[in-house]
$ cat start.txt   # compact mmCIF, C-alpha atoms
# COMPACT_ATOMS: atom_id res chain seq x y z
CA MET T 1 -80.23 46.02 28.68
CA GLN T 2 -78.48 42.70 29.19
CA ARG T 3 -79.37 40.77 32.32
CA THR T 4 -77.54 38.05 34.19
CA ILE T 5 -78.35 34.44 35.07
CA LEU T 6 -75.87 33.22 37.67
CA PHE T 7 -75.46 29.42 37.76
CA PHE T 8 -73.99 28.53 41.17
CA GLY T 9 -73.08 24.90 41.60
CA ASN T 10 -70.55 22.10 41.65
CA SER T 11 -69.01 19.88 38.96
CA LEU T 12 -72.39 19.37 37.28
CA THR T 13 -72.53 23.10 36.54
CA ALA T 14 -68.79 23.47 35.93
CA GLY T 15 -68.88 20.76 33.26
CA TYR T 16 -66.49 18.28 34.82
CA GLY T 17 -65.08 15.97 32.17
CA VAL T 18 -66.55 17.87 29.22
CA GLY T 19 -65.49 21.48 29.83
CA ALA T 20 -67.46 24.65 30.46
CA ALA T 21 -68.21 25.11 26.74
CA LEU T 22 -70.33 21.93 26.77
CA ALA T 23 -71.79 22.38 30.27
CA PHE T 24 -75.49 23.03 30.59
CA PRO T 25 -75.12 26.78 31.39
CA ALA T 26 -73.39 27.25 28.01
CA LEU T 27 -76.14 25.26 26.34
CA ILE T 28 -78.69 27.51 28.04
CA GLN T 29 -76.78 30.51 26.66
CA ALA T 30 -77.19 29.10 23.15
CA ARG T 31 -80.96 28.93 23.70
CA LEU T 32 -81.01 32.47 25.05
CA ASP T 33 -79.17 33.66 21.95
CA ALA T 34 -81.46 31.70 19.62
CA GLU T 35 -84.51 33.40 21.14
CA ALA T 36 -82.78 36.80 21.36
CA LEU T 37 -83.42 36.93 25.12
CA PRO T 38 -81.23 39.63 26.69
CA TYR T 39 -79.53 37.43 29.27
CA ARG T 40 -75.94 36.35 29.87
CA ALA T 41 -75.43 32.96 31.51
CA VAL T 42 -72.56 33.04 34.01
CA ASN T 43 -71.09 29.69 35.03
CA ALA T 44 -70.03 29.85 38.69
CA GLY T 45 -69.68 26.10 39.10
CA ARG T 46 -66.79 24.66 41.10
CA SER T 47 -66.05 20.95 41.09
CA GLY T 48 -66.19 19.27 44.46
CA ASP T 49 -68.27 21.91 46.18
CA THR T 50 -70.64 20.93 48.95
CA THR T 51 -73.32 23.30 50.19
CA THR T 52 -70.94 24.30 52.99
CA ARG T 53 -68.17 25.22 50.58
CA GLY T 54 -70.65 26.99 48.34
CA LEU T 55 -71.84 29.10 51.24
CA VAL T 56 -68.24 30.09 51.99
CA ARG T 57 -67.63 31.39 48.45
CA LEU T 58 -71.06 32.88 47.86
CA ASP T 59 -70.37 36.46 48.95
CA ALA T 60 -67.32 36.77 46.69
CA THR T 61 -69.27 35.33 43.78
CA LEU T 62 -72.15 37.75 44.30
CA ALA T 63 -69.70 40.64 44.57
CA ALA T 64 -68.18 39.66 41.22
CA HIS T 65 -71.59 39.48 39.52
CA ALA T 66 -73.53 42.37 41.01
CA LYS T 67 -77.27 41.93 41.29
CA PRO T 68 -77.96 38.82 39.21
CA ASP T 69 -81.47 38.86 37.78
CA VAL T 70 -81.80 35.08 38.10
CA PHE T 71 -79.88 32.80 40.46
CA VAL T 72 -79.79 29.08 39.62
CA LEU T 73 -78.68 27.02 42.63
CA GLU T 74 -77.26 23.56 41.94
CA LEU T 75 -75.60 22.27 45.10
CA GLY T 76 -76.15 19.29 47.37
CA ALA T 77 -75.10 16.28 45.33
CA ASN T 78 -71.72 16.07 47.06
CA ASP T 79 -73.41 16.43 50.45
CA GLY T 80 -75.54 13.39 49.70
CA LEU T 81 -72.73 11.29 48.27
CA ARG T 82 -70.60 12.06 51.34
CA GLY T 83 -73.39 11.31 53.78
CA HIS T 84 -73.70 14.83 55.19
CA SER T 85 -76.65 15.52 57.46
CA PRO T 86 -79.77 16.52 55.48
CA THR T 87 -80.43 19.08 58.21
CA THR T 88 -77.08 20.75 57.50
CA THR T 89 -77.61 20.64 53.74
CA GLU T 90 -81.04 22.21 54.14
CA ALA T 91 -79.70 24.93 56.43
CA ASN T 92 -76.91 25.75 53.97
CA LEU T 93 -79.29 25.97 51.01
CA ASP T 94 -81.57 28.19 53.10
CA ALA T 95 -78.64 30.44 53.98
CA ILE T 96 -77.52 30.69 50.35
CA LEU T 97 -80.95 31.72 49.08
CA HIS T 98 -81.43 34.11 51.98
CA ARG T 99 -78.10 35.83 51.22
CA VAL T 100 -78.89 36.06 47.52
CA ARG T 101 -82.20 37.79 48.23
CA ARG T 102 -80.58 40.03 50.85
CA HIS T 103 -77.95 40.98 48.26
CA HIS T 104 -80.61 41.87 45.68
CA THR T 105 -84.27 41.50 46.65
CA ALA T 106 -85.49 41.32 43.04
CA THR T 107 -83.37 38.28 42.13
CA ARG T 108 -85.52 35.34 41.04
CA CYS T 109 -84.28 31.94 42.15
CA LEU T 110 -84.39 28.46 40.64
CA LEU T 111 -83.37 25.50 42.82
CA LEU T 112 -82.21 22.33 41.08
CA GLY T 113 -83.10 19.34 43.22
CA MET T 114 -81.08 16.21 43.68
CA GLU T 115 -81.76 12.62 44.63
CA LEU T 116 -79.44 9.76 45.48
CA PRO T 117 -79.26 6.67 43.27
CA THR T 118 -81.80 4.02 44.24
CA LEU T 119 -78.98 1.72 45.36
CA LEU T 120 -78.35 4.25 48.16
CA GLY T 121 -82.03 4.28 49.14
CA GLY T 122 -83.66 4.20 52.53
CA PRO T 123 -84.60 6.88 55.07
CA TYR T 124 -81.49 8.97 54.39
CA ALA T 125 -82.18 9.14 50.65
CA ALA T 126 -85.83 10.04 51.27
CA ALA T 127 -84.92 12.84 53.68
CA PHE T 128 -82.26 14.09 51.30
CA ALA T 129 -84.61 14.27 48.31
CA ALA T 130 -87.37 15.95 50.33
CA LEU T 131 -85.23 18.79 51.65
CA PHE T 132 -84.91 20.44 48.23
CA ARG T 133 -88.67 20.81 47.77
CA THR T 134 -88.93 22.18 51.32
CA VAL T 135 -86.26 24.80 50.67
CA ALA T 136 -87.77 25.80 47.32
CA GLY T 137 -91.18 26.27 48.94
CA ARG T 138 -89.77 28.24 51.84
CA HIS T 139 -88.07 30.70 49.48
CA ASN T 140 -90.75 30.78 46.79
CA ALA T 141 -88.15 29.56 44.31
CA ALA T 142 -88.86 27.81 41.04
CA PHE T 143 -87.94 24.15 41.34
CA VAL T 144 -86.61 21.23 39.31
CA PRO T 145 -87.16 18.09 41.45
CA PHE T 146 -84.24 16.00 40.13
CA LEU T 147 -81.62 17.47 37.81
CA LEU T 148 -80.05 14.09 37.01
CA ASP T 149 -83.31 12.22 36.41
CA GLY T 150 -82.58 9.50 33.85
CA ILE T 151 -78.92 10.53 33.66
CA ILE T 152 -77.15 9.19 36.74
CA LEU T 153 -76.00 5.57 36.33
CA ASN T 154 -76.96 5.70 32.62
CA PRO T 155 -73.84 4.73 30.66
CA THR T 156 -74.98 6.54 27.51
CA LEU T 157 -75.35 9.86 29.36
CA THR T 158 -72.48 9.74 31.86
CA LEU T 159 -68.73 9.53 32.00
CA PRO T 160 -67.22 6.17 33.02
CA ASP T 161 -67.89 7.00 36.69
CA ARG T 162 -71.64 6.72 35.89
CA VAL T 163 -72.25 9.94 37.87
CA HIS T 164 -70.93 12.94 35.95
CA PRO T 165 -72.82 13.73 32.74
CA ASN T 166 -71.05 13.45 29.40
CA ALA T 167 -71.88 15.90 26.61
CA ALA T 168 -75.19 14.13 25.92
CA GLY T 169 -76.02 14.18 29.62
CA GLN T 170 -75.28 17.89 29.79
CA ARG T 171 -77.72 18.40 26.89
CA GLN T 172 -80.35 16.47 28.81
CA MET T 173 -79.77 18.62 31.91
CA ALA T 174 -80.31 21.72 29.76
CA ASP T 175 -83.55 20.12 28.53
CA VAL T 176 -84.66 19.63 32.14
CA VAL T 177 -83.74 23.15 33.29
CA TRP T 178 -84.98 25.17 30.30
CA PRO T 179 -88.77 24.67 30.77
CA LYS T 180 -88.49 25.96 34.36
CA LEU T 181 -86.05 28.73 33.56
CA ARG T 182 -87.55 30.17 30.37
CA PRO T 183 -90.82 31.43 31.94
CA MET T 184 -88.77 33.26 34.56
CA LEU T 185 -87.04 35.18 31.78
CA LEU T 186 -90.15 36.27 29.94
CA THR T 187 -91.35 38.37 32.84
CA ASP T 188 -89.02 40.95 34.35
CA ALA T 189 -88.59 41.53 38.06
CA VAL T 190 -91.40 44.10 38.27
CA GLY T 191 -93.92 41.93 36.45
CA GLY T 192 -93.68 43.40 32.97
CA SER T 193 -92.88 41.54 29.78
CA LEU T 194 -89.64 41.70 27.87
$ encode --input "start.txt" --output "C-alpha cells"
Amino acid sequence: MQRTILFFGNSLTAGYGVGAALAFPALIQARLDAEALPYRAVNAGRSGDTTTRGLVRLDATLAAHAKPDVFVLELGANDGLRGHSPTTTEANLDAILHRVRRHHTATRCLLLGMELPTLLGGPYAAAFAALFRTVAGRHNAAFVPFLLDGIILNPTLTLPDRVHPNAAGQRQMADVVWPKLRPMLLTDAVGGSL
C-alpha cells in the first residue's frame, strides 16, 4: 500500500527558481523510489507563504491529501525575513501541527527549522531560531535544526538573491532532510517494520 509524505512549505519546498522537478521533495521521491519505499512525496509548497498564510490554507491541503502518513513542515523563513513576532510564528507552527494531528492522529511530523543569516543577528534572531526546537519538542516531532545550513548566502548553492537554493542547493537540502526522514519511513505508524 502506497503511503503519503506531505511537504508543506513556502518557496524552498515549491522550488522557486528551479521548478518543482528539481525541488527537494522531488529529490526525496527519487530516493524513495531507489530504495523501493512505498511512499509518494507530495509537494504542497507555495512561494511567499508565511506561517499565517500556511495556517489559512492548511485545512484545504489536508482535505486534498487525506491522512498523510508523514507531514514535513517547512514554514517560518518568510516570517523571520519580514520581522514577524517569534511568538506569532511559534503559535502558528503549533496550530499547524495540532491540526495535522487532529486530522489524523497517526501522522508522524518532521519540522524543518530555520535561522536568520548572521548579518541579521541579535536577540530577535536568537529567539527566532529557538522557537523551532521548542515547537518540535512540544509536538514530539522529528527535527532538522537549520534547513539552509551552509546554503544561504553561499553563491555556489543559491540563486543570485543569495537566499533561494539553486539546483545544487536543493540537492543539499535533500541531503539534510533525508537522514531525519528515512528512519520515520522504516517504521509504520503502529510500530511495525515495512
$ residues_around --input "start.txt" --residues "stretch 123-130 of chain T" --least-positions-apart "3" --cutoff "9 Å" --atoms "only C-alpha atoms" --output "list of chain:residue names"
T:Gly76, T:Gly80, T:Gly83, T:Ser85, T:Pro86, T:Thr87, T:Thr89, T:Glu90, T:Gly113, T:Met114, T:Glu115, T:Leu116, T:Pro117, T:Thr118, T:Leu120, T:Arg133, T:Thr134, T:Val135, T:Pro145, T:Phe146
$ closest_residue --input "start.txt" --among "T:Ala60, T:Leu93, T:Met1, T:Leu147" --to "T:Leu37" --atoms "all atoms listed in the file"
T:Met1
$ atom_distance --input "start.txt" --atom1 "atom CA of T:Arg31" --atom2 "atom CA of T:Val177"
11.5 Å
$ closest_residue --input "start.txt" --among "T:Asn10, T:Ser47, T:Thr4, T:Thr158" --to "T:Ala66" --atoms "only C-alpha atoms"
T:Thr4
$ closest_residue --input "start.txt" --among "T:Leu73, T:Leu110, T:Ala14, T:Leu81" --to "T:Ala26" --atoms "only C-alpha atoms"
T:Ala14
$ residues_around --input "start.txt" --residues "T:Gly17" --least-positions-apart "3" --cutoff "9 Å" --atoms "all atoms listed in the file" --output "NGL selection string"
:T and (11 or 159 or 164-167)
$ closest_residue --input "start.txt" --among "T:Arg171, T:Arg53, T:His84, T:Arg108" --to "T:Pro183" --atoms "only C-alpha atoms"
T:Arg108
$ atom_distance --input "start.txt" --atom1 "atom CA of T:Phe24" --atom2 "atom CA of T:Phe143"
16.5 Å
$ decode --input "start.txt" --residues "stretch 113-160 of chain T" --atoms "N, CA and C atoms" --output "PDB file, in the first residue's frame"
ATOM      1  N   GLY T 113      13.688  23.349  10.757  1.00  0.00           N
ATOM      2  CA  GLY T 113      13.986  24.605  11.419  1.00  0.00           C
ATOM      3  C   GLY T 113      14.657  25.613  10.505  1.00  0.00           C
ATOM      4  N   MET T 114      14.628  26.851  10.953  1.00  0.00           N
ATOM      5  CA  MET T 114      15.174  27.947  10.165  1.00  0.00           C
ATOM      6  C   MET T 114      15.921  28.895  11.087  1.00  0.00           C
ATOM      7  N   GLU T 115      16.960  29.500  10.549  1.00  0.00           N
ATOM      8  CA  GLU T 115      17.686  30.550  11.252  1.00  0.00           C
ATOM      9  C   GLU T 115      17.847  31.721  10.301  1.00  0.00           C
ATOM     10  N   LEU T 116      18.092  32.881  10.851  1.00  0.00           N
ATOM     11  CA  LEU T 116      18.336  34.068  10.042  1.00  0.00           C
ATOM     12  C   LEU T 116      19.832  34.195   9.776  1.00  0.00           C
ATOM     13  N   PRO T 117      20.198  34.792   8.647  1.00  0.00           N
ATOM     14  CA  PRO T 117      21.631  34.990   8.386  1.00  0.00           C
ATOM     15  C   PRO T 117      22.290  35.739   9.527  1.00  0.00           C
ATOM     16  N   THR T 118      23.558  35.454   9.752  1.00  0.00           N
ATOM     17  CA  THR T 118      24.277  36.062  10.879  1.00  0.00           C
ATOM     18  C   THR T 118      24.270  37.586  10.805  1.00  0.00           C
ATOM     19  N   LEU T 119      24.168  38.153   9.595  1.00  0.00           N
ATOM     20  CA  LEU T 119      24.151  39.607   9.491  1.00  0.00           C
ATOM     21  C   LEU T 119      22.862  40.195  10.071  1.00  0.00           C
ATOM     22  N   LEU T 120      21.850  39.350  10.286  1.00  0.00           N
ATOM     23  CA  LEU T 120      20.615  39.787  10.934  1.00  0.00           C
ATOM     24  C   LEU T 120      20.554  39.282  12.370  1.00  0.00           C
ATOM     25  N   GLY T 121      21.699  39.131  12.994  1.00  0.00           N
ATOM     26  CA  GLY T 121      21.791  38.526  14.324  1.00  0.00           C
ATOM     27  C   GLY T 121      21.180  39.361  15.417  1.00  0.00           C
ATOM     28  N   GLY T 122      21.456  38.971  16.654  1.00  0.00           N
ATOM     29  CA  GLY T 122      20.921  39.685  17.797  1.00  0.00           C
ATOM     30  C   GLY T 122      19.818  38.910  18.479  1.00  0.00           C
ATOM     31  N   PRO T 123      19.156  39.544  19.463  1.00  0.00           N
ATOM     32  CA  PRO T 123      18.118  38.859  20.238  1.00  0.00           C
ATOM     33  C   PRO T 123      16.978  38.319  19.383  1.00  0.00           C
ATOM     34  N   TYR T 124      16.569  39.067  18.356  1.00  0.00           N
ATOM     35  CA  TYR T 124      15.478  38.593  17.504  1.00  0.00           C
ATOM     36  C   TYR T 124      15.866  37.292  16.816  1.00  0.00           C
ATOM     37  N   ALA T 125      17.055  37.251  16.232  1.00  0.00           N
ATOM     38  CA  ALA T 125      17.498  36.050  15.520  1.00  0.00           C
ATOM     39  C   ALA T 125      17.614  34.864  16.472  1.00  0.00           C
ATOM     40  N   ALA T 126      18.069  35.099  17.696  1.00  0.00           N
ATOM     41  CA  ALA T 126      18.195  34.015  18.667  1.00  0.00           C
ATOM     42  C   ALA T 126      16.821  33.469  19.049  1.00  0.00           C
ATOM     43  N   ALA T 127      15.870  34.365  19.291  1.00  0.00           N
ATOM     44  CA  ALA T 127      14.512  33.934  19.641  1.00  0.00           C
ATOM     45  C   ALA T 127      13.861  33.204  18.480  1.00  0.00           C
ATOM     46  N   PHE T 128      14.121  33.683  17.282  1.00  0.00           N
ATOM     47  CA  PHE T 128      13.542  33.062  16.091  1.00  0.00           C
ATOM     48  C   PHE T 128      14.075  31.642  15.922  1.00  0.00           C
ATOM     49  N   ALA T 129      15.368  31.449  16.020  1.00  0.00           N
ATOM     50  CA  ALA T 129      15.949  30.119  15.850  1.00  0.00           C
ATOM     51  C   ALA T 129      15.458  29.158  16.929  1.00  0.00           C
ATOM     52  N   ALA T 130      15.334  29.650  18.159  1.00  0.00           N
ATOM     53  CA  ALA T 130      14.965  28.784  19.279  1.00  0.00           C
ATOM     54  C   ALA T 130      13.535  28.281  19.204  1.00  0.00           C
ATOM     55  N   LEU T 131      12.649  29.038  18.585  1.00  0.00           N
ATOM     56  CA  LEU T 131      11.232  28.667  18.611  1.00  0.00           C
ATOM     57  C   LEU T 131      10.974  27.340  17.892  1.00  0.00           C
ATOM     58  N   PHE T 132      11.759  27.029  16.871  1.00  0.00           N
ATOM     59  CA  PHE T 132      11.534  25.796  16.115  1.00  0.00           C
ATOM     60  C   PHE T 132      11.801  24.562  16.979  1.00  0.00           C
ATOM     61  N   ARG T 133      12.894  24.591  17.728  1.00  0.00           N
ATOM     62  CA  ARG T 133      13.197  23.462  18.620  1.00  0.00           C
ATOM     63  C   ARG T 133      12.109  23.320  19.684  1.00  0.00           C
ATOM     64  N   THR T 134      11.627  24.437  20.201  1.00  0.00           N
ATOM     65  CA  THR T 134      10.562  24.405  21.205  1.00  0.00           C
ATOM     66  C   THR T 134       9.309  23.747  20.649  1.00  0.00           C
ATOM     67  N   VAL T 135       8.919  24.147  19.441  1.00  0.00           N
ATOM     68  CA  VAL T 135       7.716  23.588  18.820  1.00  0.00           C
ATOM     69  C   VAL T 135       7.900  22.101  18.540  1.00  0.00           C
ATOM     70  N   ALA T 136       9.054  21.730  18.018  1.00  0.00           N
ATOM     71  CA  ALA T 136       9.303  20.307  17.732  1.00  0.00           C
ATOM     72  C   ALA T 136       9.193  19.476  19.009  1.00  0.00           C
ATOM     73  N   GLY T 137       9.779  19.964  20.096  1.00  0.00           N
ATOM     74  CA  GLY T 137       9.708  19.238  21.354  1.00  0.00           C
ATOM     75  C   GLY T 137       8.295  19.134  21.893  1.00  0.00           C
ATOM     76  N   ARG T 138       7.555  20.207  21.762  1.00  0.00           N
ATOM     77  CA  ARG T 138       6.186  20.232  22.274  1.00  0.00           C
ATOM     78  C   ARG T 138       5.298  19.215  21.560  1.00  0.00           C
ATOM     79  N   HIS T 139       5.579  18.980  20.285  1.00  0.00           N
ATOM     80  CA  HIS T 139       4.739  18.096  19.474  1.00  0.00           C
ATOM     81  C   HIS T 139       5.388  16.740  19.212  1.00  0.00           C
ATOM     82  N   ASN T 140       6.510  16.485  19.872  1.00  0.00           N
ATOM     83  CA  ASN T 140       7.222  15.221  19.676  1.00  0.00           C
ATOM     84  C   ASN T 140       7.479  14.959  18.189  1.00  0.00           C
ATOM     85  N   ALA T 141       7.894  16.009  17.501  1.00  0.00           N
ATOM     86  CA  ALA T 141       8.162  15.920  16.065  1.00  0.00           C
ATOM     87  C   ALA T 141       9.653  15.709  15.840  1.00  0.00           C
ATOM     88  N   ALA T 142       9.989  14.972  14.809  1.00  0.00           N
ATOM     89  CA  ALA T 142      11.389  14.903  14.386  1.00  0.00           C
ATOM     90  C   ALA T 142      11.801  16.315  13.964  1.00  0.00           C
ATOM     91  N   PHE T 143      13.115  16.587  13.975  1.00  0.00           N
ATOM     92  CA  PHE T 143      13.541  17.978  13.842  1.00  0.00           C
ATOM     93  C   PHE T 143      14.859  18.101  13.100  1.00  0.00           C
ATOM     94  N   VAL T 144      14.875  18.999  12.121  1.00  0.00           N
ATOM     95  CA  VAL T 144      16.103  19.443  11.455  1.00  0.00           C
ATOM     96  C   VAL T 144      16.347  20.867  11.940  1.00  0.00           C
ATOM     97  N   PRO T 145      17.449  21.143  12.644  1.00  0.00           N
ATOM     98  CA  PRO T 145      17.638  22.472  13.236  1.00  0.00           C
ATOM     99  C   PRO T 145      17.682  23.621  12.240  1.00  0.00           C
ATOM    100  N   PHE T 146      18.351  23.426  11.079  1.00  0.00           N
ATOM    101  CA  PHE T 146      18.507  24.553  10.148  1.00  0.00           C
ATOM    102  C   PHE T 146      18.569  24.007   8.730  1.00  0.00           C
ATOM    103  N   LEU T 147      17.464  24.101   8.029  1.00  0.00           N
ATOM    104  CA  LEU T 147      17.364  23.545   6.676  1.00  0.00           C
ATOM    105  C   LEU T 147      18.379  24.155   5.719  1.00  0.00           C
ATOM    106  N   LEU T 148      18.664  25.435   5.864  1.00  0.00           N
ATOM    107  CA  LEU T 148      19.554  26.128   4.919  1.00  0.00           C
ATOM    108  C   LEU T 148      20.994  26.241   5.424  1.00  0.00           C
ATOM    109  N   ASP T 149      21.365  25.399   6.372  1.00  0.00           N
ATOM    110  CA  ASP T 149      22.722  25.448   6.916  1.00  0.00           C
ATOM    111  C   ASP T 149      23.748  25.260   5.806  1.00  0.00           C
ATOM    112  N   GLY T 150      24.632  26.234   5.654  1.00  0.00           N
ATOM    113  CA  GLY T 150      25.666  26.184   4.624  1.00  0.00           C
ATOM    114  C   GLY T 150      25.189  26.576   3.241  1.00  0.00           C
ATOM    115  N   ILE T 151      23.889  26.838   3.101  1.00  0.00           N
ATOM    116  CA  ILE T 151      23.326  27.173   1.785  1.00  0.00           C
ATOM    117  C   ILE T 151      23.093  28.670   1.648  1.00  0.00           C
ATOM    118  N   ILE T 152      22.361  29.245   2.602  1.00  0.00           N
ATOM    119  CA  ILE T 152      22.001  30.663   2.498  1.00  0.00           C
ATOM    120  C   ILE T 152      23.269  31.524   2.447  1.00  0.00           C
ATOM    121  N   LEU T 153      23.265  32.488   1.577  1.00  0.00           N
ATOM    122  CA  LEU T 153      24.372  33.419   1.311  1.00  0.00           C
ATOM    123  C   LEU T 153      25.553  32.768   0.591  1.00  0.00           C
ATOM    124  N   ASN T 154      25.450  31.480   0.270  1.00  0.00           N
ATOM    125  CA  ASN T 154      26.530  30.785  -0.442  1.00  0.00           C
ATOM    126  C   ASN T 154      26.273  30.892  -1.946  1.00  0.00           C
ATOM    127  N   PRO T 155      27.086  31.624  -2.674  1.00  0.00           N
ATOM    128  CA  PRO T 155      26.792  31.855  -4.094  1.00  0.00           C
ATOM    129  C   PRO T 155      26.818  30.600  -4.955  1.00  0.00           C
ATOM    130  N   THR T 156      27.484  29.547  -4.502  1.00  0.00           N
ATOM    131  CA  THR T 156      27.514  28.321  -5.310  1.00  0.00           C
ATOM    132  C   THR T 156      26.265  27.460  -5.102  1.00  0.00           C
ATOM    133  N   LEU T 157      25.482  27.772  -4.068  1.00  0.00           N
ATOM    134  CA  LEU T 157      24.307  26.957  -3.752  1.00  0.00           C
ATOM    135  C   LEU T 157      22.995  27.731  -3.819  1.00  0.00           C
ATOM    136  N   THR T 158      23.074  29.017  -4.182  1.00  0.00           N
ATOM    137  CA  THR T 158      21.866  29.840  -4.227  1.00  0.00           C
ATOM    138  C   THR T 158      21.726  30.547  -5.565  1.00  0.00           C
ATOM    139  N   LEU T 159      20.514  31.022  -5.790  1.00  0.00           N
ATOM    140  CA  LEU T 159      20.242  31.886  -6.929  1.00  0.00           C
ATOM    141  C   LEU T 159      20.907  33.242  -6.677  1.00  0.00           C
ATOM    142  N   PRO T 160      20.884  34.150  -7.641  1.00  0.00           N
ATOM    143  CA  PRO T 160      21.557  35.445  -7.430  1.00  0.00           C
ATOM    144  C   PRO T 160      21.096  36.222  -6.197  1.00  0.00           C
TER     145      PRO T 160
END
